[in-house]
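J.: Structure file structure_32.pdb (PDB, C-alpha atoms) is given on the next line.
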```pdb
ATOM      1  CA  MET A  40       8.206  -4.123  -9.848
ATOM      2  CA  THR A  41       4.620  -4.781  -8.838
ATOM      3  CA  CYS A  42       2.057  -6.200 -11.228
ATOM      4  CA  GLU A  43       0.463  -4.240 -14.064
ATOM      5  CA  HIS A  44      -2.582  -3.548 -11.881
ATOM      6  CA  LEU A  45      -0.627  -1.680  -9.184
ATOM      7  CA  TYR A  46       2.282  -0.379 -11.258
ATOM      8  CA  PRO A  47       0.667   2.998 -12.133
ATOM      9  CA  LEU A  48       0.522   3.826  -8.423
ATOM     10  CA  GLU A  49       4.030   2.482  -7.781
ATOM     11  CA  LYS A  50       5.431   4.644 -10.593
ATOM     12  CA  VAL A  51       3.902   7.823  -9.154
ATOM     13  CA  LEU A  52       5.087   6.989  -5.642
ATOM     14  CA  ALA A  53       8.640   6.629  -6.957
ATOM     15  CA  ARG A  54       8.430  10.052  -8.625
ATOM     16  CA  THR A  55       7.130  11.760  -5.475
ATOM     17  CA  GLY A  56      10.196  10.752  -3.509
ATOM     18  CA  ILE A  57       8.272   8.937  -0.794
ATOM     19  CA  LYS A  58      10.761   6.566   0.811
ATOM     20  CA  GLU A  59      10.403   2.872   0.030
ATOM     21  CA  VAL A  60      11.122   0.977   3.248
ATOM     22  CA  TYR A  61      10.685  -2.664   2.183
ATOM     23  CA  ARG A  62      10.167  -4.678  -0.980
ATOM     24  CA  GLY A  63       9.695  -8.428  -1.070
ATOM     25  CA  GLN A  64       7.530 -11.284   0.123
ATOM     26  CA  PRO A  65       6.522 -10.279   3.651
ATOM     27  CA  TRP A  66       4.222 -13.007   4.882
ATOM     28  CA  SER A  67       3.687 -16.213   2.923
ATOM     29  CA  ASP A  68       3.409 -17.737  -0.528
ATOM     30  CA  ASN A  69       0.077 -15.917  -0.738
ATOM     31  CA  CYS A  70       2.085 -12.701  -1.209
ATOM     32  CA  ARG A  71       4.273 -12.154  -4.270
ATOM     33  CA  GLU A  72       5.806  -8.677  -4.132
ATOM     34  CA  TRP A  73       4.696  -6.179  -1.538
ATOM     35  CA  VAL A  74       6.205  -2.716  -1.362
ATOM     36  CA  TYR A  75       6.013  -0.682   1.836
ATOM     37  CA  TYR A  76       6.300   3.106   1.825
ATOM     38  CA  ASP A  77       6.952   5.581   4.613
ATOM     39  CA  CYS A  78       3.616   7.339   4.213
ATOM     40  CA  LEU A  79      -0.043   7.240   5.084
ATOM     41  CA  PHE A  80      -2.553   6.584   2.326
ATOM     42  CA  THR A  81      -5.354   8.919   3.386
ATOM     43  CA  ASP A  82      -8.097   7.921   0.942
ATOM     44  CA  LEU A  83      -7.602   4.583  -0.779
ATOM     45  CA  GLU A  84     -11.016   4.716  -2.484
ATOM     46  CA  LYS A  85      -9.994   7.982  -4.102
ATOM     47  CA  THR A  86      -6.566   6.573  -4.987
ATOM     48  CA  ARG A  87      -8.180   3.574  -6.694
ATOM     49  CA  GLU A  88     -10.460   5.884  -8.668
ATOM     50  CA  HIS A  89      -7.675   8.307  -9.611
ATOM     51  CA  PHE A  90      -5.504   5.504 -11.012
ATOM     52  CA  ASN A  91      -8.489   3.689 -12.523
ATOM     53  CA  LEU A  92      -7.654   0.501 -10.601
ATOM     54  CA  ASP A  93     -10.111  -2.360 -11.017
ATOM     55  CA  LYS A  94     -12.155  -2.598  -7.785
ATOM     56  CA  GLU A  95     -12.693  -6.320  -8.362
ATOM     57  CA  LEU A  96      -8.938  -6.997  -8.458
ATOM     58  CA  VAL A  97      -7.416  -4.258  -6.319
ATOM     59  CA  GLN A  98      -8.730  -4.427  -2.781
ATOM     60  CA  ILE A  99      -8.153  -2.201   0.213
ATOM     61  CA  HIS A 100      -6.158  -4.012   2.882
ATOM     62  CA  SER A 101      -5.707  -2.831   6.445
ATOM     63  CA  HIS A 102      -4.007  -4.749   9.234
ATOM     64  CA  LEU A 103      -3.199  -3.519  12.718
ATOM     65  CA  GLY A 104      -1.405  -6.392  14.383
ATOM     66  CA  THR A 105      -0.332  -6.544  17.983
ATOM     67  CA  HIS A 106       2.787  -8.646  17.288
ATOM     68  CA  ASP A 107       3.065  -8.998  13.532
ATOM     69  CA  GLY A 108       3.207  -5.446  12.235
ATOM     70  CA  GLN A 109       0.805  -2.976  10.762
ATOM     71  CA  GLU A 110      -0.043  -1.922   7.205
ATOM     72  CA  HIS A 111      -2.662  -0.094   5.179
ATOM     73  CA  GLY A 112      -2.790  -0.085   1.395
ATOM     74  CA  LEU A 113      -3.890  -1.877  -1.743
ATOM     75  CA  VAL A 114      -3.550  -5.543  -2.742
ATOM     76  CA  CYS A 115      -4.044  -7.107  -6.166
ATOM     77  CA  THR A 116      -5.998 -10.288  -5.465
ATOM     78  CA  GLN A 117      -5.089 -11.748  -8.868
ATOM     79  CA  CYS A 118      -1.321 -11.252  -8.753
ATOM     80  CA  LYS A 119      -0.860 -11.204  -4.947
ATOM     81  CA  ASP A 120       1.095  -7.928  -5.030
ATOM     82  CA  GLY A 121       0.617  -5.087  -2.577
ATOM     83  CA  ILE A 122       1.460  -1.450  -1.995
ATOM     84  CA  MET A 123       1.381  -0.546   1.681
ATOM     85  CA  GLY A 124       1.804   2.464   3.882
ATOM     86  CA  MET A 125       1.452   3.006   7.595
ATOM     87  CA  HIS A 126      -1.758   2.099   9.398
ATOM     88  CA  PRO A 127      -3.831   5.219  10.299
ATOM     89  CA  ASP A 128      -4.093   4.155  13.956
ATOM     90  CA  MET A 129      -0.302   3.959  14.230
ATOM     91  CA  VAL A 130       0.035   7.414  12.714
ATOM     92  CA  LYS A 131      -2.328   8.809  15.360
ATOM     93  CA  ARG A 132       0.046   7.489  18.024
ATOM     94  CA  SER A 133       3.155   8.881  16.363
ATOM     95  CA  PHE A 134       4.819  12.130  17.358
ATOM     96  CA  SER A 135       6.778  12.317  14.105
ATOM     97  CA  PRO A 136       5.417  14.035  11.001
ATOM     98  CA  ILE A 137       4.129  11.468   8.509
ATOM     99  CA  ARG A 138       4.021  12.120   4.783
ATOM    100  CA  GLN A 139       0.517  11.642   3.408
ATOM    101  CA  PHE A 140      -0.484  10.417  -0.037
ATOM    102  CA  GLU A 141      -3.990  10.912  -1.385
TER     103      GLU A 141
END
```
Would you mind writing the structure in this file as structure tokens?
T.:
Amino acid sequence: MTCEHLYPLEKVLARTGIKEVYRGQPWSDNCREWVYYDCLFTDLEKTREHFNLDKELVQIHSHLGTHDGQEHGLVCTQCKDGIMGMHPDMVKRSFSPIRQFE
């Protein structure tokens, strides 16, 4: 389970049936629990507002790596937890339908 700051979003994602593809510590000790979902977060500003997530703690994170993966989502800077989806640029290159979450 992610921290109290991201849990409201995690709970809704679980109810929607969006597939969770990874849960754990993906990169380093600077990450506690990150959860990756098979979706595209289309408007993270709106998502933060909708779930009343503290803008000082919960930051938008976007990484499009050439060798080390891609991700786009929200990170709690206090607890080092994250909720990630696919990077928008990767979705543009995909021929498969991608589930969107707003």
J.: Taking only C-alpha atoms into account, which of A:His102, A:His44, A:His89, A:Lys58 comes nearest Cys118 in chain A?
T.: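 Among A:His102, A:His44, A:His89, A:Lys58, it is A:His44 that comes nearest to Cys118 in chain A.
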J.: When you count all atoms listed in the file, which of these residues is closest to Thr116 in chain A: A:Leu103, A:Pro65, A:Leu79, A:Leu45?
T.: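 Closest candidate: A:Leu45.
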J.: Please compute the CA of Tyr61 in chain A-CA of Gln117 in chain A distance, one decimal, in Å.
T.: 21.3 Å
J.: Would you compute the distance between CA of Pro47 in chain A and CA of Met129 in chain A? Give it in Å to one decimal.
T.: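 Distance reported for this atom pair: 26.4 Å.
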J.: Between A:Glu95, A:Asp128, A:Asp120, A:Glu43, which is the closest to Trp73 in chain A once you count all atoms listed in the file?
T.: A:Asp120
J.: Please report the interatomic distance between CA of Met125 in chain A and CA of Gly104 in chain A in Å with one decimal.
T.: 11.9 Å
J.: Provide an axis-aligned box for all listed atoms of range 93-96 of chain A, padding each side by 5 Å; report its centre and its edge lengths in Å to one decimal, as AutoDock Vina command-line options.
T.:
```
--center_x -10.8 --center_y -4.7 --center_z -9.4 --size_x 13.8 --size_y 14.6 --size_z 13.2
```
J.: If the PyMOL selection byres ((chain A and resi 99) around 6) is run on the structure shown, which residues does it catch, given as an MDAnalysis selection string?
T.: chainID A and resid 98 100 112:113
J.: Taking all atoms listed in the file into account, name the residue in A:Val51, A:Cys78, A:Leu92, A:Met123 that is nearest to Gly63 in chain A.
T.: A:Met123
J.: Considering only C-alpha atoms, can you say which of A:Lys50, A:Asp82, A:Tyr75, A:Asn91 comes closest to Gly108 in chain A?
T.: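 Residue with the minimum atom-to-atom distance to Gly108 in chain A: A:Tyr75.
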J.: Exactly which residues make up the result of the PyMOL selection byres ((chain A and resi 52) around 12) on this file, given as a PyMOL selection string?
T.: chain A and resi 45-51+53-59+74-80+86+90+122-124+138-141
J.: Any chance you can output those residues with C-alpha atoms as an mmCIF file, keeping the file's coordinate frame?
T.:
```
data_model
loop_
_atom_site.group_PDB
_atom_site.id
_atom_site.type_symbol
_atom_site.label_atom_id
_atom_site.label_comp_id
_atom_site.auth_asym_id
_atom_site.auth_seq_id
_atom_site.Cartn_x
_atom_site.Cartn_y
_atom_site.Cartn_z
ATOM 1 C CA LEU A 45 -0.627 -1.680 -9.184
ATOM 2 C CA TYR A 46 2.282 -0.379 -11.258
ATOM 3 C CA PRO A 47 0.667 2.998 -12.133
ATOM 4 C CA LEU A 48 0.522 3.826 -8.423
ATOM 5 C CA GLU A 49 4.030 2.482 -7.781
ATOM 6 C CA LYS A 50 5.431 4.644 -10.593
ATOM 7 C CA VAL A 51 3.902 7.823 -9.154
ATOM 8 C CA ALA A 53 8.640 6.629 -6.957
ATOM 9 C CA ARG A 54 8.430 10.052 -8.625
ATOM 10 C CA THR A 55 7.130 11.760 -5.475
ATOM 11 C CA GLY A 56 10.196 10.752 -3.509
ATOM 12 C CA ILE A 57 8.272 8.937 -0.794
ATOM 13 C CA LYS A 58 10.761 6.566 0.811
ATOM 14 C CA GLU A 59 10.403 2.872 0.030
ATOM 15 C CA VAL A 74 6.205 -2.716 -1.362
ATOM 16 C CA TYR A 75 6.013 -0.682 1.836
ATOM 17 C CA TYR A 76 6.300 3.106 1.825
ATOM 18 C CA ASP A 77 6.952 5.581 4.613
ATOM 19 C CA CYS A 78 3.616 7.339 4.213
ATOM 20 C CA LEU A 79 -0.043 7.240 5.084
ATOM 21 C CA PHE A 80 -2.553 6.584 2.326
ATOM 22 C CA THR A 86 -6.566 6.573 -4.987
ATOM 23 C CA PHE A 90 -5.504 5.504 -11.012
ATOM 24 C CA ILE A 122 1.460 -1.450 -1.995
ATOM 25 C CA MET A 123 1.381 -0.546 1.681
ATOM 26 C CA GLY A 124 1.804 2.464 3.882
ATOM 27 C CA ARG A 138 4.021 12.120 4.783
ATOM 28 C CA GLN A 139 0.517 11.642 3.408
ATOM 29 C CA PHE A 140 -0.484 10.417 -0.037
ATOM 30 C CA GLU A 141 -3.990 10.912 -1.385
#
```
